[in-house]
Amino acid sequence: MYVIVGLGNPGEEYANTRHNIGRMVVEDFCAENNFPEFALHKKSNTFISEGKIGKEKVVAILPETFMNKSGTAVVKFVKSKKAAETLVVVHDELDIILGRAKISFNKSSGGHRGVESITKAIGTEAYVRVRVGISPATASGKLKKPTGDEKVNKFILGKLKSTDEAVLKKLSKKLNESIVLLISETREAAMNLCNTA
């Protein structure tokens, strides 16, 4: 069984913000693969949707905890280091340009609070992360991420512009294919598709 987690903050005020891109990607993935609508799972305080990719059971979850407490929701679904190998966490990534994404496995959080919370709760870094870029690029295509806590917070909690949404919509198709490959074939196949610009 695969557990796919879309990270973000709950509530209307955070909808459509850069920090909630993980949630949006997982919602798109579920819609694309005809999963049922998300329903609140009170015991774990998460929205949950269950479906199948090929013969593999998939549970998609959207924690209703705030980002830096994501681990408290995830640990209810991932109870061992073995189970963590089929955990897929989708989240926003400042170190990647908007419109690109990278799949990584068994890597450090890079300072992402939601990822840190999950690693601490499940006791391992050996899980898959789908890192979805949110930073702008310079005219020459180089990464131009904000610096300093205040600027970073303002940026990640800022709403996506309509041009950003169009870029994300295009990327979502590639991410959907990559996650399907990850589940039905191998991590490497998914990385080969996703991690190329």
# chains A, B, ... in the order shown; residues from 1 in each chain; ligands from 1
>>> closest_atom_pairs(of="segment 3-95 of chain A", to="segment 124-130 of chain A", cutoff="7 Å", atoms="only C-alpha atoms", output="JSON lines")
{"residue": "A:Lys81", "atom": "CA", "partner": "A:Thr124", "partner_atom": "CA", "distance": 6.5}
{"residue": "A:Ala84", "atom": "CA", "partner": "A:Tyr127", "partner_atom": "CA", "distance": 5.4}
{"residue": "A:Glu85", "atom": "CA", "partner": "A:Tyr127", "partner_atom": "CA", "distance": 5.1}
{"residue": "A:Thr86", "atom": "CA", "partner": "A:Tyr127", "partner_atom": "CA", "distance": 6.8}
{"residue": "A:Leu87", "atom": "CA", "partner": "A:Tyr127", "partner_atom": "CA", "distance": 5.6}
{"residue": "A:Val88", "atom": "CA", "partner": "A:Val128", "partner_atom": "CA", "distance": 4.7}
{"residue": "A:Val89", "atom": "CA", "partner": "A:Arg129", "partner_atom": "CA", "distance": 4.8}
{"residue": "A:Val90", "atom": "CA", "partner": "A:Val130", "partner_atom": "CA", "distance": 4.6}
{"residue": "A:His91", "atom": "CA", "partner": "A:Val130", "partner_atom": "CA", "distance": 6.4}
>>> residues_around(residues="Cys30 of chain A", least_positions_apart="3", cutoff="9 Å", atoms="only C-alpha atoms", output="PyMOL selection string")
chain A and resi 25-27+33-38+49-51+60+176
>>> write_last_selection(atoms="N, CA and C atoms", output="compact mmCIF listing (two decimals), in the first residue's frame")
# COMPACT_ATOMS: atom_id res chain seq x y z
N VAL A 25 -1.36 19.38 -5.80
CA VAL A 25 -0.85 18.32 -6.69
C VAL A 25 -1.52 16.99 -6.35
N VAL A 26 -1.67 16.69 -5.07
CA VAL A 26 -2.30 15.42 -4.66
C VAL A 26 -3.79 15.42 -5.01
N GLU A 27 -4.45 16.56 -4.86
CA GLU A 27 -5.87 16.65 -5.27
C GLU A 27 -6.00 16.40 -6.76
N ASN A 33 -6.97 10.26 -11.53
CA ASN A 33 -7.04 8.80 -11.46
C ASN A 33 -8.37 8.28 -10.91
N ASN A 34 -9.36 9.16 -10.96
CA ASN A 34 -10.74 8.80 -10.57
C ASN A 34 -10.88 8.23 -9.16
N PHE A 35 -10.13 8.80 -8.23
CA PHE A 35 -10.30 8.43 -6.83
C PHE A 35 -11.59 9.09 -6.33
N PRO A 36 -12.22 8.53 -5.29
CA PRO A 36 -13.41 9.20 -4.75
C PRO A 36 -13.05 10.54 -4.10
N GLU A 37 -14.07 11.35 -3.85
CA GLU A 37 -13.82 12.65 -3.20
C GLU A 37 -13.19 12.46 -1.83
N PHE A 38 -12.39 13.45 -1.42
CA PHE A 38 -11.77 13.40 -0.09
C PHE A 38 -12.84 13.52 0.99
N SER A 49 -8.60 9.93 0.70
CA SER A 49 -9.24 9.35 -0.48
C SER A 49 -8.46 8.09 -0.84
N GLU A 50 -9.18 7.00 -1.07
CA GLU A 50 -8.51 5.72 -1.36
C GLU A 50 -8.85 5.25 -2.76
N GLY A 51 -7.83 4.76 -3.46
CA GLY A 51 -8.06 4.25 -4.81
C GLY A 51 -7.00 3.23 -5.16
N ALA A 60 -4.52 8.46 -0.31
CA ALA A 60 -4.06 9.85 -0.42
C ALA A 60 -4.56 10.61 0.79
N ASN A 176 1.63 13.71 -12.30
CA ASN A 176 0.70 12.58 -12.24
C ASN A 176 1.32 11.34 -12.88
>>> residues_around(residues="Glu185 of chain A", least_positions_apart="6", cutoff="12 Å", atoms="only C-alpha atoms", output="PyMOL selection string")
chain A and resi 53-56+177-179+191-192
>>> closest_residue(among="A:Asn20, A:Lys82, A:Pro63, A:Leu98", to="Lys142 of chain A", atoms="only C-alpha atoms")
A:Leu98
>>> closest_residue(among="A:Leu175, A:Ala73, A:Ala15, A:Val78", to="Met1 of chain A", atoms="only C-alpha atoms")
A:Val78
>>> select_by_dssp(residues="chain A", states="strand (DSSP E)", output="ChimeraX atom specification")
/A:2-6,39-41,46-53,56-63,87-97,101-105,128-135
>>> write_last_selection(atoms="N, CA and C atoms", output="compact mmCIF listing (two decimals), in the first residue's frame")
# COMPACT_ATOMS: atom_id res chain seq x y z
N TYR A 2 0.51 2.19 -0.87
CA TYR A 2 1.21 3.47 -0.92
C TYR A 2 0.40 4.53 -0.18
N VAL A 3 1.10 5.37 0.56
CA VAL A 3 0.47 6.52 1.22
C VAL A 3 1.04 7.77 0.58
N ILE A 4 0.17 8.58 -0.02
CA ILE A 4 0.60 9.82 -0.67
C ILE A 4 0.07 11.00 0.13
N VAL A 5 0.97 11.86 0.56
CA VAL A 5 0.60 12.98 1.43
C VAL A 5 0.81 14.30 0.69
N GLY A 6 -0.21 15.14 0.68
CA GLY A 6 -0.09 16.48 0.11
C GLY A 6 0.05 17.49 1.24
N ALA A 39 -12.70 12.72 2.03
CA ALA A 39 -13.62 12.78 3.17
C ALA A 39 -12.80 12.90 4.44
N LEU A 40 -13.34 13.58 5.44
CA LEU A 40 -12.59 13.78 6.68
C LEU A 40 -12.52 12.49 7.49
N HIS A 41 -11.31 12.12 7.85
CA HIS A 41 -11.05 10.95 8.69
C HIS A 41 -10.77 11.51 10.08
N THR A 46 -7.38 14.12 9.16
CA THR A 46 -6.90 14.28 7.77
C THR A 46 -8.06 14.06 6.83
N PHE A 47 -7.94 14.67 5.64
CA PHE A 47 -8.86 14.32 4.56
C PHE A 47 -8.23 13.16 3.82
N ILE A 48 -9.05 12.19 3.44
CA ILE A 48 -8.52 10.95 2.91
C ILE A 48 -9.31 10.51 1.68
N SER A 49 -8.60 9.93 0.70
CA SER A 49 -9.24 9.35 -0.48
C SER A 49 -8.46 8.09 -0.84
N GLU A 50 -9.18 7.00 -1.07
CA GLU A 50 -8.51 5.72 -1.36
C GLU A 50 -8.85 5.25 -2.76
N GLY A 51 -7.83 4.76 -3.46
CA GLY A 51 -8.06 4.25 -4.81
C GLY A 51 -7.00 3.23 -5.16
N LYS A 52 -6.91 2.92 -6.46
CA LYS A 52 -5.90 1.95 -6.91
C LYS A 52 -5.18 2.47 -8.13
N ILE A 53 -3.90 2.16 -8.19
CA ILE A 53 -3.12 2.37 -9.41
C ILE A 53 -2.68 0.97 -9.81
N GLU A 56 -2.18 -1.88 -7.13
CA GLU A 56 -1.65 -1.32 -5.88
C GLU A 56 -2.64 -0.38 -5.21
N LYS A 57 -2.91 -0.65 -3.92
CA LYS A 57 -3.81 0.23 -3.16
C LYS A 57 -3.08 1.52 -2.81
N VAL A 58 -3.79 2.63 -2.95
CA VAL A 58 -3.20 3.95 -2.65
C VAL A 58 -4.12 4.72 -1.73
N VAL A 59 -3.56 5.25 -0.65
CA VAL A 59 -4.31 6.11 0.26
C VAL A 59 -3.70 7.51 0.14
N ALA A 60 -4.52 8.46 -0.31
CA ALA A 60 -4.06 9.85 -0.42
C ALA A 60 -4.56 10.61 0.79
N ILE A 61 -3.67 11.35 1.45
CA ILE A 61 -4.10 12.10 2.63
C ILE A 61 -3.68 13.57 2.57
N LEU A 62 -4.56 14.42 3.07
CA LEU A 62 -4.29 15.85 3.20
C LEU A 62 -4.43 16.18 4.69
N PRO A 63 -3.32 16.31 5.41
CA PRO A 63 -3.42 16.59 6.85
C PRO A 63 -4.14 17.91 7.14
N LEU A 87 5.90 5.50 1.30
CA LEU A 87 5.33 6.81 1.63
C LEU A 87 5.84 7.81 0.59
N VAL A 88 4.93 8.63 0.05
CA VAL A 88 5.28 9.67 -0.92
C VAL A 88 4.77 11.00 -0.38
N VAL A 89 5.68 11.92 -0.10
CA VAL A 89 5.29 13.23 0.44
C VAL A 89 5.49 14.28 -0.64
N VAL A 90 4.42 14.99 -0.97
CA VAL A 90 4.46 16.03 -2.02
C VAL A 90 4.45 17.39 -1.34
N HIS A 91 5.45 18.22 -1.63
CA HIS A 91 5.52 19.52 -0.95
C HIS A 91 6.17 20.60 -1.82
N ASP A 92 5.99 21.85 -1.40
CA ASP A 92 6.58 22.99 -2.09
C ASP A 92 8.09 23.02 -1.84
N GLU A 93 8.84 23.55 -2.80
CA GLU A 93 10.31 23.57 -2.68
C GLU A 93 10.87 24.91 -3.18
N LEU A 94 11.46 25.67 -2.27
CA LEU A 94 12.06 26.98 -2.62
C LEU A 94 13.32 26.84 -3.47
N ASP A 95 13.99 25.70 -3.39
CA ASP A 95 15.24 25.52 -4.12
C ASP A 95 15.04 25.08 -5.57
N ILE A 96 13.79 25.07 -6.02
CA ILE A 96 13.49 24.66 -7.40
C ILE A 96 12.58 25.73 -8.03
N ILE A 97 12.82 26.01 -9.30
CA ILE A 97 12.04 27.01 -10.03
C ILE A 97 10.62 26.49 -10.28
N ALA A 101 10.09 20.10 -10.98
CA ALA A 101 9.94 19.29 -9.76
C ALA A 101 11.02 18.23 -9.74
N LYS A 102 11.30 17.72 -8.55
CA LYS A 102 12.29 16.65 -8.41
C LYS A 102 11.75 15.61 -7.45
N ILE A 103 12.00 14.35 -7.79
CA ILE A 103 11.67 13.27 -6.87
C ILE A 103 12.97 12.85 -6.20
N SER A 104 12.96 12.78 -4.88
CA SER A 104 14.15 12.31 -4.16
C SER A 104 13.75 11.27 -3.12
N PHE A 105 14.74 10.49 -2.71
CA PHE A 105 14.50 9.43 -1.73
C PHE A 105 15.61 9.45 -0.70
N VAL A 128 9.94 8.71 -0.06
CA VAL A 128 10.00 9.49 -1.31
C VAL A 128 9.43 10.88 -1.09
N ARG A 129 10.12 11.87 -1.65
CA ARG A 129 9.58 13.23 -1.64
C ARG A 129 9.44 13.73 -3.07
N VAL A 130 8.29 14.32 -3.37
CA VAL A 130 8.09 14.99 -4.65
C VAL A 130 8.18 16.48 -4.34
N ARG A 131 9.31 17.09 -4.72
CA ARG A 131 9.60 18.48 -4.39
C ARG A 131 9.17 19.37 -5.55
N VAL A 132 8.11 20.15 -5.32
CA VAL A 132 7.51 20.94 -6.39
C VAL A 132 8.00 22.40 -6.29
N GLY A 133 8.69 22.86 -7.32
CA GLY A 133 9.28 24.19 -7.31
C GLY A 133 8.27 25.32 -7.19
N ILE A 134 8.64 26.34 -6.42
CA ILE A 134 7.75 27.52 -6.28
C ILE A 134 8.49 28.84 -6.53
N SER A 135 9.83 28.79 -6.66
CA SER A 135 10.60 30.03 -6.77
C SER A 135 10.60 30.59 -8.20
>>> closest_residue(among="A:Glu64, A:Asn153, A:Ser140, A:Asn45", to="Arg23 of chain A", atoms="only C-alpha atoms")
A:Glu64
>>> residues_around(residues="segment 113-116 of chain A", least_positions_apart="5", cutoff="6 Å", atoms="only C-alpha atoms", output="list of chain:residue names")
A:Met67, A:Asn68, A:Ser70
>>> select_by_dssp(residues="segment 40-141 of chain A", states="helix (DSSP H, G or I)", output="list in words")
Met67, Asn68, Lys69, Ser70, Gly71, Thr72, Ala73, Val74, Lys81, Lys82, Ala83, Ala84, Arg113, Gly114, Val115, Glu116, Ser117, Ile118, Thr119, Lys120, Ala121 and Ile122 of chain A
>>> closest_residue(among="A:Leu160, A:Ala83, A:Lys154, A:Ser108", to="Lys120 of chain A", atoms="only C-alpha atoms")
A:Ser108
>>> residues_around(residues="Thr17 of chain A", least_positions_apart="4", cutoff="8 Å", atoms="only C-alpha atoms", output="ChimeraX atom specification")
/A:21,156-160
>>> write_last_selection(atoms="C-alpha atoms", output="PDB file, in the first residue's frame")
ATOM      1  CA  ILE A  21       1.158  23.311  -3.697  1.00  0.00           C
ATOM      2  CA  ILE A 156       5.422  31.029   0.570  1.00  0.00           C
ATOM      3  CA  LEU A 157       2.131  32.186   2.108  1.00  0.00           C
ATOM      4  CA  GLY A 158       1.387  34.411  -0.908  1.00  0.00           C
ATOM      5  CA  LYS A 159      -1.348  33.449  -3.369  1.00  0.00           C
ATOM      6  CA  LEU A 160      -0.467  31.926  -6.728  1.00  0.00           C
TER       7      LEU A 160
END
>>> atom_distance(atom1="atom CA of Ser44 of chain A", atom2="atom CA of Met24 of chain A")
19.9 Å
>>> closest_residue(among="A:Ile122, A:Gly99, A:Arg18, A:Thr147", to="Asn195 of chain A", atoms="only C-alpha atoms")
A:Gly99
>>> decode(residues="segment 11-56 of chain A", atoms="C-alpha atoms", output="PDB file, in the first residue's frame")
ATOM      1  CA  GLY A  11      -8.398  26.579   6.000  1.00  0.00           C
ATOM      2  CA  GLU A  12      -9.652  28.987   3.347  1.00  0.00           C
ATOM      3  CA  GLU A  13      -7.000  31.650   4.002  1.00  0.00           C
ATOM      4  CA  TYR A  14      -4.243  29.254   2.885  1.00  0.00           C
ATOM      5  CA  ALA A  15      -6.033  27.928  -0.188  1.00  0.00           C
ATOM      6  CA  ASN A  16      -4.127  28.584  -3.404  1.00  0.00           C
ATOM      7  CA  THR A  17      -0.937  29.705  -1.633  1.00  0.00           C
ATOM      8  CA  ARG A  18       2.520  28.530  -2.703  1.00  0.00           C
ATOM      9  CA  HIS A  19       2.957  26.622   0.569  1.00  0.00           C
ATOM     10  CA  ASN A  20      -0.115  24.526  -0.331  1.00  0.00           C
ATOM     11  CA  ILE A  21       1.158  23.311  -3.697  1.00  0.00           C
ATOM     12  CA  GLY A  22       1.656  19.796  -2.291  1.00  0.00           C
ATOM     13  CA  ARG A  23      -2.042  19.572  -1.440  1.00  0.00           C
ATOM     14  CA  MET A  24      -3.040  20.852  -4.872  1.00  0.00           C
ATOM     15  CA  VAL A  25      -0.851  18.318  -6.691  1.00  0.00           C
ATOM     16  CA  VAL A  26      -2.297  15.419  -4.664  1.00  0.00           C
ATOM     17  CA  GLU A  27      -5.867  16.648  -5.269  1.00  0.00           C
ATOM     18  CA  ASP A  28      -5.118  16.780  -9.027  1.00  0.00           C
ATOM     19  CA  PHE A  29      -3.549  13.306  -8.902  1.00  0.00           C
ATOM     20  CA  CYS A  30      -6.677  11.870  -7.243  1.00  0.00           C
ATOM     21  CA  ALA A  31      -9.022  13.608  -9.707  1.00  0.00           C
ATOM     22  CA  GLU A  32      -6.930  12.427 -12.661  1.00  0.00           C
ATOM     23  CA  ASN A  33      -7.038   8.798 -11.465  1.00  0.00           C
ATOM     24  CA  ASN A  34     -10.744   8.796 -10.574  1.00  0.00           C
ATOM     25  CA  PHE A  35     -10.305   8.429  -6.826  1.00  0.00           C
ATOM     26  CA  PRO A  36     -13.412   9.202  -4.749  1.00  0.00           C
ATOM     27  CA  GLU A  37     -13.818  12.648  -3.205  1.00  0.00           C
ATOM     28  CA  PHE A  38     -11.771  13.401  -0.094  1.00  0.00           C
ATOM     29  CA  ALA A  39     -13.624  12.784   3.172  1.00  0.00           C
ATOM     30  CA  LEU A  40     -12.590  13.783   6.684  1.00  0.00           C
ATOM     31  CA  HIS A  41     -11.055  10.947   8.688  1.00  0.00           C
ATOM     32  CA  LYS A  42     -11.705  12.259  12.220  1.00  0.00           C
ATOM     33  CA  LYS A  43      -9.385   9.895  14.067  1.00  0.00           C
ATOM     34  CA  SER A  44      -6.305  11.169  12.245  1.00  0.00           C
ATOM     35  CA  ASN A  45      -7.608  14.696  11.482  1.00  0.00           C
ATOM     36  CA  THR A  46      -6.899  14.278   7.770  1.00  0.00           C
ATOM     37  CA  PHE A  47      -8.860  14.319   4.558  1.00  0.00           C
ATOM     38  CA  ILE A  48      -8.516  10.950   2.905  1.00  0.00           C
ATOM     39  CA  SER A  49      -9.239   9.353  -0.481  1.00  0.00           C
ATOM     40  CA  GLU A  50      -8.507   5.723  -1.361  1.00  0.00           C
ATOM     41  CA  GLY A  51      -8.061   4.247  -4.806  1.00  0.00           C
ATOM     42  CA  LYS A  52      -5.904   1.951  -6.907  1.00  0.00           C
ATOM     43  CA  ILE A  53      -3.116   2.369  -9.411  1.00  0.00           C
ATOM     44  CA  GLY A  54      -3.039  -0.935 -11.258  1.00  0.00           C
ATOM     45  CA  LYS A  55      -3.264  -3.555  -8.497  1.00  0.00           C
ATOM     46  CA  GLU A  56      -1.645  -1.316  -5.876  1.00  0.00           C
TER      47      GLU A  56
END
